[in-house]
Structures are given as C-alpha cells and as structure tokens.
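Engineer: Before we start, here is the structure in question, set down as structure tokens.
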Amino acid sequence: MEKATDSRNPFAVRTPEDLSANETLGLFVDVFTDFFKIREPGHTILNGARGTGKSMMFRYLQPDCQRMLRHAALSQLPYLGVLVSVKNTYPNITELQRLVDSYANALLNEHFLAMFVACRLFVTLAQNIGHLSAMERRELLTFYRRGFLGRLRRAGATNLRDGLPERASSVDILKTMATCCDELYNDVVVYLKNLSFQAKLLPYTGALCGYLDLLVPLVEDLRSLSFIPHGPVYLLVDDGDYLNEIQTRILNSWISTRTSASISIKVSTALNYKSFYTLSRQRIDSPHDYSEVNMNDIYTSSKGKYLGRVEEIVRKRLELSGIERTPRDFFPPDEAQEDEINRIGAEIKAAWKSEGRGHRPSDDVVRYARPKYIAGLKGTRKAGSSYSYAGFEQLVHVSSGVVRFFLDAAALMYSEEVARSQTNHIIAIRPTIQDQVLRQQSEELMFGELDKMFSDQSAAGSFAAGHGSDDLKWKLHNLLKLLGGIFHQKLISNDSERRVFSVALSDEPDSELRSLFRLGVRFGYFQETTIGNKDGTGRTPLYVLTRRLAPYFFLDPTGFAGYLFVTSDKLREGLANPDQALRRIKKAGVGKVFDEGQLHLFE
C-alpha cells in the first residue's frame with residue numbers, strides 16, 4: 001500500500017546552499033568513486049556544465065554535513081571544507097573593473113580575495129564550532145590576539161584594536177575575526193566606489209594581505225589548535241568562472257604554490273574558466289600543479305555510471321516523498337512501442353546468421369531495432385511525432401549527462417500528472433506526459449533558449465569576433481539544424497552504423513566555425529572530447545550533439561556508436577542554407593558525403 005505522498009514536487013530543484021545538512025545527506029548520492037580527486041587532498045579544478053552537481057558535491061563536503069555523516073566532532077574530521085561562493089558575491093563586483101590596467105590591480109584584488117576567503121573561513125568555523133571547554137576557548141582567544149591580530153597588523157591594518165572581553169564565547173571570537181576580515185575587504189569596496197568621482201586614481205592606504213604572507217600562515221596556526229581538524233582546509237571555490245581575469249590568475253598563482261598540505265583549493269567551473277596563467281604569466285598544468293576533473297567527459301563516455309547515479313538520485317527523492325515505486329516503474333515506457341521494437345529485435349536476431357553485420361546477434365539488435373522502428377515511421381515530421389520519448393532510461397539518455405536536465409523535466413512531468421489526475425497521490429507518470437514534456441523542452445532549446453542567450457549583446461562575449469549577436473545566433477541555429485538533420489538521415493538509412501550524434505572536422509576550421517562550436521559547447525548544445533584524426537598523426541576535437549535535441553530531430557537517444565568526419569567547406573555551405581544542403585545529402589546519402597568512424601560510446 002502507498003504511503004501518503006508529500007504535496008511538494010519530489011523533483012523540484014533547490015539551491016544546495018539552501019539545504020540543511022540533514023536534507024543534503026538525504027538527497028546526496030555519493031559520486032566520489034567517479035570523482036575521487038575532489039575528496040582527496042590536493043588542488044583540483046572541477047569542470048562541468050551547469051546542473052551536473054558540482055555545488056551539491058561542495059555542499060556535501062562542508063563540515064556540518066561531514067560531522068553528521070561521520071557522527072564526529074569538528075576536530076575529528078579529515079579536512080575542513082569552506083565554501084567560497086563567487087556568483088552574486090563581492091569577488092565579482094563591477095567596481096573592480098576600474099582597477100584594470102592600474103599599477104595596483106593585482107595587489108588590491110589579491111587582498112580583496114584573501115580577505116573574502118578568510119571571512120568565509122571564520123564564518124564556517126563559527127557555524128560549526130560547537131561547545132568548547134574553558135581551556136579550548138582560551139586557546140582560541142590566544143590565537144585571535146597573537147596570531148590573527150598580529151598578522152593583520154604586520155600587513156598594514158594598524159588601526160585594529162582588541163575589544164574582546166576575557167569571557168567572550170568561542171562563537172563571538174570567531175565572528176569578531178570574520179567581521180575584521182569583512183571590514184578589510186569592504187575598505188576596498190569603498191575605495192573603488194570613491195574612484196567613480198575622481199579623474200585620477202586615488203592612493204590606497206589600507207592593509208594589503210596576500211595568500212602566502214597571511215592566509216597560509218593563518219590556516220597553519222588554526223590547524224595547530226586542538227579543536228580544529230588537523231587535515232587541510234579545502235577552499236571550495238564555487239562558480240570560479242565568475243572571478244574576473246586578474247582574480248583567476250591570482251587563484252592560479254595560489255594553486256601553483258603547492259600548499260595543498262595545509263590548503264587544498266577546489267575550483268568548480270561551468271566550462272568558462274578565464275585563464276590558466278598565473279600573475280607571473282606561467283601556465284598551471286595538470287597533473288603537475290593540480291588535478292582536473294571533467295564531469296561531462298566521464299558521464300558522456302560511461303553509460304553505466306551516469307544511469308546508475310540518476311537512478312539512485314530518483315530512488316532517494318521518491319522515497320523521501322513516500323512514493324513506493326522504483327524509478328523505472330515511476331517513469332514507464334510506451335509498452336506498445338517497446339513491444340514492437342522487441343519484435344523487430346527478434347527478427348534481426350533470427351536473421352543474424354545470414355544477414356548479420358555485428359559480431360553477435362545482440363550487437364545487431366542494439367544497433368538496428370530502434371532505428372528500424374523509427375525509420376518505419378517514415379521519418380516525416382508528422383509520422384515521427386508518433387515515436388514516444390518515454391521510459392526512465394530514455395529520460396536519462398536525453399538528459400545528456402546533466403542531472404539538472406533530468407530533474408527539471410521530471411518536475412514538469414510530475415506537475416502535469418498532478419494537474420491531469422487532480423490528486424497528489426501520484427504513483428507513475430504516464431508515457432504521453434513524458435513524451436510531451438521532452439518534446440516541448442527540445443523545441444524550446446532549439447529556439448527559445450537561443451533567443452534568451454543572445455537577447456543581450458554581451459551574451460556571446462568574445463565569441464562574436466566581429467559578428468553581430470543576431471548573425472551569430474542564426475549561424476549556430478543553422479549548424480544545429482544541419483547536423484541534426486544529417487544524424488536523422490543517418491538513423492533512417494540502411495548504413496551499417498546508424499546511431500550517430502558526433503562530428504569531427506577533418507581539416508583546420510576557420511575562426512568562425514571554431515567560435516560557433518566553442519559557443520555551442522559553452523551553451524550546452526555540444527559536448528567536446530577528442531578522437532584520432534584521419535591521418536593517424538594526432539587527435540582532433542569531436543563534438544557530440546546534446547541528446548536533449550533528440551525529440552526535435554527524431555533521433556534515437558539511447559546510444560551512439562559512430563561519428564562523421566566532415567570538412568569545413570561542407571559545413572560552411574550548410575550554414576548558409578541548411579535545408580538545401582540536407583536535401584542534397586538526403587538524395588546522395590550521408591555515406592557519399594561524409595566519412596564514417598566507429599565510436600564505441602554508450603554501448
């Protein structure tokens with residue numbers, strides 16, 4: 001018998017920062033077997049599209065979650081996770097642009113960044129310190145007076161005074177240190193605002209604190225206290241893309257110092273990290289200076305890992321909402337469609353000895369059963385719409401390795417099911433609703449999302465390269481239309497490999513094509529990896545079309561095992577008039593126009 005379901009949507013996405021430790025542990029699925037470098041000491045840059053779970057990982061690493069998970073005191077933790085959230089916070093304020101090209105740009109930005117980090121460190125400790133004995137409290141007070149105030153005064157903060165009473169609580173001591181750091185970086189904010197009314201730069205007379213001269217010694221002093229974790233402090237720099245370029249280079253300089261025994265810097269990016277150079281113009285390299293983790297690469301190249309992670313996430317959410325169903329039962333496929341595909345598969349298997357192309361009958365069933373079913377719908381827009389994009393596995397594949405995309409779609413499906421059923425007691429999402437939501441989202445991605453991205457002339461940023469925003473938008477739209485149409489023609493053909501979502505350039509692209517693909521990667525229309533080039537002399541970029549567009553182009557999202565090599569000239573021809581190019585390709589056949597390669601991903 002079903003438990004009463006929670007009236008809230010079980011798939012609604014909440015910002016990880018707003019989750020309590022208990023909620024975080026209830027929802028979090030341990031992904032660190034896939035991303036073990038993040039939890040281990042050492043500097044790490046974590047790359048992944050928005051919605052891949054980077055912020056959730058950082059939330060899980062914070063001390064309130066770790067204490068609850070381990071049933072341990074703060075001092076018993078192996079590390080101290082300190083969240084340094086960049087987006088919508090002071091490190092990316094626009095006033096800092098006034099320092100560009102000024103002699104003090106690097107010095108002020110490093111002081112600003114160091115004080116912001118130090119403030120977050122002491123706020124985190126104040127929130128997690130718990131009860132201290134009288135001896136431990138005196139230990140903390142001594143650190144404040146000798147270590148903290150002493151180091152800040154040597155850095156130029158000469159007006160600091162010790163106003164704490166002897167009987168100040170541990171939380172008050174930590175909050176006082178956080179306030180001091182807050183005031184020191186606020187001094188820079190006030191200074192920058194005053195520049196707005198001056199024709200010339202005013203001299204800055206405040207303190208100047210850095211990483212090696214202040215932050216590292218402070219952390220080392222802290223780690224010597226009996227009630228603080230003796231392992232490294234993890235600086236969890238979330239949304240590192242939002243740091244300005246000079247701050248990014250400052251952070252890279254911190255990474256290059258290799259202080260990971262006391263401070264391990266973990267930076268999350270949404271594939272738009274501004275620089276990998278330090279202030280001294282030296283490049284930081286992986287694995288020499290840091291470890292790099294690319295979530296999209298891992299989840300694009302491993303079906304089992306991603307499918308299993310999403311299944312566990314959905315199972316937890318259903319369980320917390322009192323819904324006693326497995327993810328596969330809650331998101332059922334279109335049974336009539338799957339029966340027909342299974343029938344086609346049985347025919348392929350029976351004919352394998354005389355007509356087989358793969359090494360085993362099962363290979364041909366996986367490769368051809370679903371494409372044959374889709375081709376049997378004649379591939380027209382009207383008939384193609386009868387293909388049902390429903391069933392848990394299809395939903396996972398369409399989400400293209402990004403958990404947020406799955407949850408956003410599932411939340412809409414749940415709301416629609418509640419509206420149609422007129423009850424909150426939902427035990428499954430009907431296939432027609434699943435299909436409807438995915439088709440709507442796919443069309444919105446093809447049109448509406450592009451309009452949103454380019455509504456502001458700055459949206460394309462440096463990618464515009466002399467082109468107008470509207471011009472660039474339609475060229476990207478045409479590129480997607482061209483490739484999606486090619487992949488559909490491939491799917492409904494009689495070629496040996498029909499499930500294609502990837503394209504590689506067989507020659508060097510011009511700056512416009514390179515910019516279009518980079519823009520597509522940045523906005524989530526492509527995922528980028530590499531493949532051996534045609535000459536066997538190196539590697540070339542491979543661009544994988546997001547499977548969120550599978551419903552729009554009537555593609556099979558459940559796997560892809562091939563890729564196409566294409567020349568820049570053919571792509572440029574198609575950009576001008578994709579409909580004309582697709583008519584020509586349809587008439588000649590994809591194999592006559594493009595070279596094929598085998599790519600054994602998602603088998």
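Note on naming: chains are A, B, ... as they come in the structure tokens, residues start from 1 per chain, ligands start from 1 in the order shown.
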Please provide as a list in words all residues within 10 Å of Leu407 (chain A), with the sequence filter that same-chain residues fewer than 4 positions apart are discarded (counting only C-alpha atoms).
Structural biologist: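 Contacts, with the query itself left out: Pro10, Phe11, Ala12, Val13, Gly51, Val310, Ile313, Val314, Leu395, Val396, Ser399, Val402, Val403, Ala411, Leu412 and Met413 of chain A.
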Engineer: What's around Glu528 (chain A) at 8 Å? Count only C-alpha atoms, leave out sequence neighbours fewer than 2 positions away in its own chain, and write the answer as a list in words.
Structural biologist: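 Here the qualifying residues turn out to be Asp297, Val521, Phe526, Thr530, Pro541, Leu542, Tyr543 and Val544 of chain A.
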Engineer: Which is closest to Ser496 (chain A) among A:Tyr368, A:Phe565, A:Tyr79, A:Phe406, if we use only C-alpha atoms?
Structural biologist: A:Tyr368
Engineer: Could you give me, as a list in words, each residue of region 512-553 of chain A that DSSP assigns to alpha helix (DSSP H) when run on this structure's backbone?
Structural biologist: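 Taking region 512-553 of chain A and keeping alpha helix (DSSP H) only, one gets Glu512, Leu513, Arg514, Ser515, Leu516, Phe517, Arg518, Leu519, Gly520, Val521, Arg522, Ala550, Pro551, Tyr552 and Phe553 of chain A.
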Engineer: Using only C-alpha atoms, which residue out of A:Leu192, A:Val123, A:Leu202, A:Leu519 lies closest to Asp172 (chain A)?
Structural biologist: A:Val123
Engineer: Out of A:Leu318, A:Leu77, A:Ala49, A:Leu195, which residue has the shortest atom-to-atom distance to Asp241 (chain A) when counting only C-alpha atoms?
Structural biologist: A:Ala49
Engineer: Residues at most 12 Å from Arg548 (chain A), counting only C-alpha atoms, excluding those fewer than 5 positions away in the same chain, as a PyMOL selection string?
Structural biologist: chain A and resi 389+394-402+405-406+409+437-446+484+501+524-527+553-558
Engineer: Please save N, CA, C and O atoms of the selected residues as a CSV table (one decimal), in the first residue's frame.
Structural biologist:
chain,number,residue,atom,x,y,z
A,389,TYR,N,9.1,9.4,-26.7
A,389,TYR,CA,10.3,9.6,-25.8
A,389,TYR,C,9.8,9.4,-24.4
A,389,TYR,O,9.7,10.4,-23.7
A,394,GLN,N,15.2,6.2,-21.4
A,394,GLN,CA,15.2,7.3,-22.4
A,394,GLN,C,15.4,8.6,-21.8
A,394,GLN,O,16.1,9.5,-22.3
A,395,LEU,N,14.7,8.9,-20.7
A,395,LEU,CA,14.8,10.2,-20.0
A,395,LEU,C,16.2,10.5,-19.5
A,395,LEU,O,16.7,11.6,-19.6
A,396,VAL,N,16.9,9.4,-19.0
A,396,VAL,CA,18.3,9.6,-18.6
A,396,VAL,C,19.1,9.9,-19.8
A,396,VAL,O,20.0,10.8,-19.7
A,397,HIS,N,19.0,9.2,-20.9
A,397,HIS,CA,19.8,9.5,-22.1
A,397,HIS,C,19.6,10.9,-22.6
A,397,HIS,O,20.5,11.6,-23.0
A,398,VAL,N,18.3,11.3,-22.7
A,398,VAL,CA,18.0,12.6,-23.2
A,398,VAL,C,18.6,13.7,-22.3
A,398,VAL,O,19.0,14.8,-22.8
A,399,SER,N,18.8,13.5,-21.0
A,399,SER,CA,19.4,14.5,-20.1
A,399,SER,C,20.9,14.7,-20.4
A,399,SER,O,21.5,15.7,-19.9
A,400,SER,N,21.5,13.9,-21.2
A,400,SER,CA,22.9,14.2,-21.8
A,400,SER,C,23.9,14.3,-20.7
A,400,SER,O,24.8,15.2,-20.7
A,401,GLY,N,23.8,13.5,-19.6
A,401,GLY,CA,24.9,13.6,-18.6
A,401,GLY,C,24.8,14.7,-17.6
A,401,GLY,O,25.7,14.9,-16.8
A,402,VAL,N,23.6,15.4,-17.6
A,402,VAL,CA,23.5,16.6,-16.7
A,402,VAL,C,22.2,16.3,-15.8
A,402,VAL,O,21.1,16.3,-16.3
A,405,PHE,N,19.1,18.5,-15.9
A,405,PHE,CA,18.2,18.4,-17.0
A,405,PHE,C,17.2,17.3,-16.8
A,405,PHE,O,16.0,17.5,-17.1
A,406,PHE,N,17.6,16.2,-16.2
A,406,PHE,CA,16.6,15.2,-15.8
A,406,PHE,C,15.6,15.7,-14.8
A,406,PHE,O,14.4,15.5,-15.0
A,409,ALA,N,13.0,18.2,-16.1
A,409,ALA,CA,12.0,17.6,-16.9
A,409,ALA,C,11.0,16.8,-16.1
A,409,ALA,O,9.8,16.8,-16.2
A,437,VAL,N,6.5,16.5,-22.5
A,437,VAL,CA,7.4,17.4,-21.9
A,437,VAL,C,8.8,17.5,-22.6
A,437,VAL,O,9.4,18.5,-22.8
A,438,LEU,N,9.3,16.3,-22.9
A,438,LEU,CA,10.6,16.2,-23.6
A,438,LEU,C,10.6,16.9,-25.0
A,438,LEU,O,11.5,17.6,-25.4
A,439,ARG,N,9.4,16.8,-25.7
A,439,ARG,CA,9.3,17.4,-27.0
A,439,ARG,C,9.3,19.0,-26.8
A,439,ARG,O,9.9,19.7,-27.6
A,440,GLN,N,8.5,19.4,-25.8
A,440,GLN,CA,8.4,20.9,-25.6
A,440,GLN,C,9.8,21.4,-25.2
A,440,GLN,O,10.2,22.5,-25.7
A,441,GLN,N,10.5,20.7,-24.3
A,441,GLN,CA,11.8,21.2,-23.9
A,441,GLN,C,12.8,21.2,-25.1
A,441,GLN,O,13.6,22.1,-25.2
A,442,SER,N,12.7,20.2,-26.0
A,442,SER,CA,13.6,20.1,-27.1
A,442,SER,C,13.4,21.3,-28.1
A,442,SER,O,14.3,21.9,-28.5
A,443,GLU,N,12.1,21.6,-28.3
A,443,GLU,CA,11.8,22.7,-29.2
A,443,GLU,C,12.2,24.0,-28.6
A,443,GLU,O,12.7,24.9,-29.2
A,444,GLU,N,12.0,24.2,-27.3
A,444,GLU,CA,12.4,25.4,-26.6
A,444,GLU,C,13.9,25.6,-26.6
A,444,GLU,O,14.4,26.7,-26.8
A,445,LEU,N,14.7,24.5,-26.5
A,445,LEU,CA,16.1,24.5,-26.6
A,445,LEU,C,16.6,25.0,-28.0
A,445,LEU,O,17.5,25.7,-28.1
A,446,MET,N,15.9,24.5,-29.0
A,446,MET,CA,16.2,24.8,-30.4
A,446,MET,C,15.9,26.3,-30.7
A,446,MET,O,16.6,26.9,-31.6
A,484,GLY,N,21.8,18.0,-36.9
A,484,GLY,CA,20.6,17.2,-36.5
A,484,GLY,C,20.0,16.5,-37.7
A,484,GLY,O,19.6,15.4,-37.6
A,501,PHE,N,25.7,10.8,-33.3
A,501,PHE,CA,25.4,12.0,-32.6
A,501,PHE,C,26.7,12.9,-32.6
A,501,PHE,O,26.6,14.0,-32.1
A,524,GLY,N,25.9,24.5,-24.0
A,524,GLY,CA,25.3,23.2,-23.8
A,524,GLY,C,24.7,22.5,-25.0
A,524,GLY,O,24.1,21.4,-24.8
A,525,TYR,N,25.0,23.0,-26.2
A,525,TYR,CA,24.4,22.3,-27.4
A,525,TYR,C,25.4,21.2,-27.8
A,525,TYR,O,24.9,20.3,-28.5
A,526,PHE,N,26.6,21.3,-27.4
A,526,PHE,CA,27.6,20.2,-27.8
A,526,PHE,C,28.4,19.9,-26.5
A,526,PHE,O,28.6,20.7,-25.6
A,527,GLN,N,28.9,18.6,-26.5
A,527,GLN,CA,29.9,18.3,-25.5
A,527,GLN,C,31.2,18.0,-26.4
A,527,GLN,O,31.1,17.4,-27.5
A,553,PHE,N,14.8,16.4,-33.6
A,553,PHE,CA,15.3,15.8,-34.8
A,553,PHE,C,14.9,14.4,-35.0
A,553,PHE,O,15.3,13.7,-36.0
A,554,PHE,N,14.1,13.8,-34.1
A,554,PHE,CA,13.6,12.4,-34.2
A,554,PHE,C,14.8,11.5,-34.3
A,554,PHE,O,15.0,10.7,-35.2
A,555,LEU,N,15.7,11.5,-33.3
A,555,LEU,CA,16.9,10.7,-33.2
A,555,LEU,C,16.7,9.7,-32.0
A,555,LEU,O,15.8,9.9,-31.2
A,556,ASP,N,17.4,8.6,-32.1
A,556,ASP,CA,17.4,7.6,-31.0
A,556,ASP,C,18.4,8.1,-29.9
A,556,ASP,O,19.6,8.1,-30.2
A,557,PRO,N,17.9,8.5,-28.8
A,557,PRO,CA,18.8,9.0,-27.7
A,557,PRO,C,19.5,7.9,-26.9
A,557,PRO,O,20.3,8.2,-26.1
A,558,THR,N,19.1,6.6,-27.1
A,558,THR,CA,19.6,5.6,-26.2
A,558,THR,C,21.0,5.1,-26.5
A,558,THR,O,21.5,4.3,-25.7
Engineer: Within 7 Å of region 340-353 of chain A, counting only C-alpha atoms, which residues show up once you throw out same-chain ones fewer than 5 positions away? Write them as a PDB file with N, CA and C atoms, in the first residue's frame, please.
Structural biologist:
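The file below, part-v5.pdb, is the result:
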ATOM      1  N   PRO A 361      24.561 -11.630 -32.388  1.00  0.00           N
ATOM      2  CA  PRO A 361      23.181 -11.215 -32.684  1.00  0.00           C
ATOM      3  C   PRO A 361      22.741 -10.023 -31.837  1.00  0.00           C
ATOM      4  N   SER A 362      23.153 -10.022 -30.577  1.00  0.00           N
ATOM      5  CA  SER A 362      22.741  -8.929 -29.688  1.00  0.00           C
ATOM      6  C   SER A 362      23.297  -7.593 -30.151  1.00  0.00           C
ATOM      7  N   ASP A 364      23.611  -6.558 -33.259  1.00  0.00           N
ATOM      8  CA  ASP A 364      22.724  -6.046 -34.302  1.00  0.00           C
ATOM      9  C   ASP A 364      21.383  -5.599 -33.735  1.00  0.00           C
ATOM     10  N   VAL A 365      20.901  -6.298 -32.719  1.00  0.00           N
ATOM     11  CA  VAL A 365      19.639  -5.906 -32.095  1.00  0.00           C
ATOM     12  C   VAL A 365      19.777  -4.502 -31.500  1.00  0.00           C
ATOM     13  N   ALA A 369      17.415  -2.299 -34.059  1.00  0.00           N
ATOM     14  CA  ALA A 369      15.995  -2.474 -33.752  1.00  0.00           C
ATOM     15  C   ALA A 369      15.270  -1.135 -33.613  1.00  0.00           C
ATOM     16  N   ARG A 370      15.780  -0.260 -32.772  1.00  0.00           N
ATOM     17  CA  ARG A 370      15.103   1.027 -32.558  1.00  0.00           C
ATOM     18  C   ARG A 370      15.196   1.927 -33.797  1.00  0.00           C
ATOM     19  N   TYR A 373      12.639   0.823 -36.218  1.00  0.00           N
ATOM     20  CA  TYR A 373      11.291   1.224 -35.808  1.00  0.00           C
ATOM     21  C   TYR A 373      11.038   2.684 -36.179  1.00  0.00           C
TER      22      TYR A 373
END
Engineer: Closest to Asp213 (chain A) among A:Val86, A:Leu479, A:Val188, A:Ala114, using only C-alpha atoms?
Structural biologist: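 For Asp213 (chain A), the nearest of the candidates is A:Ala114.
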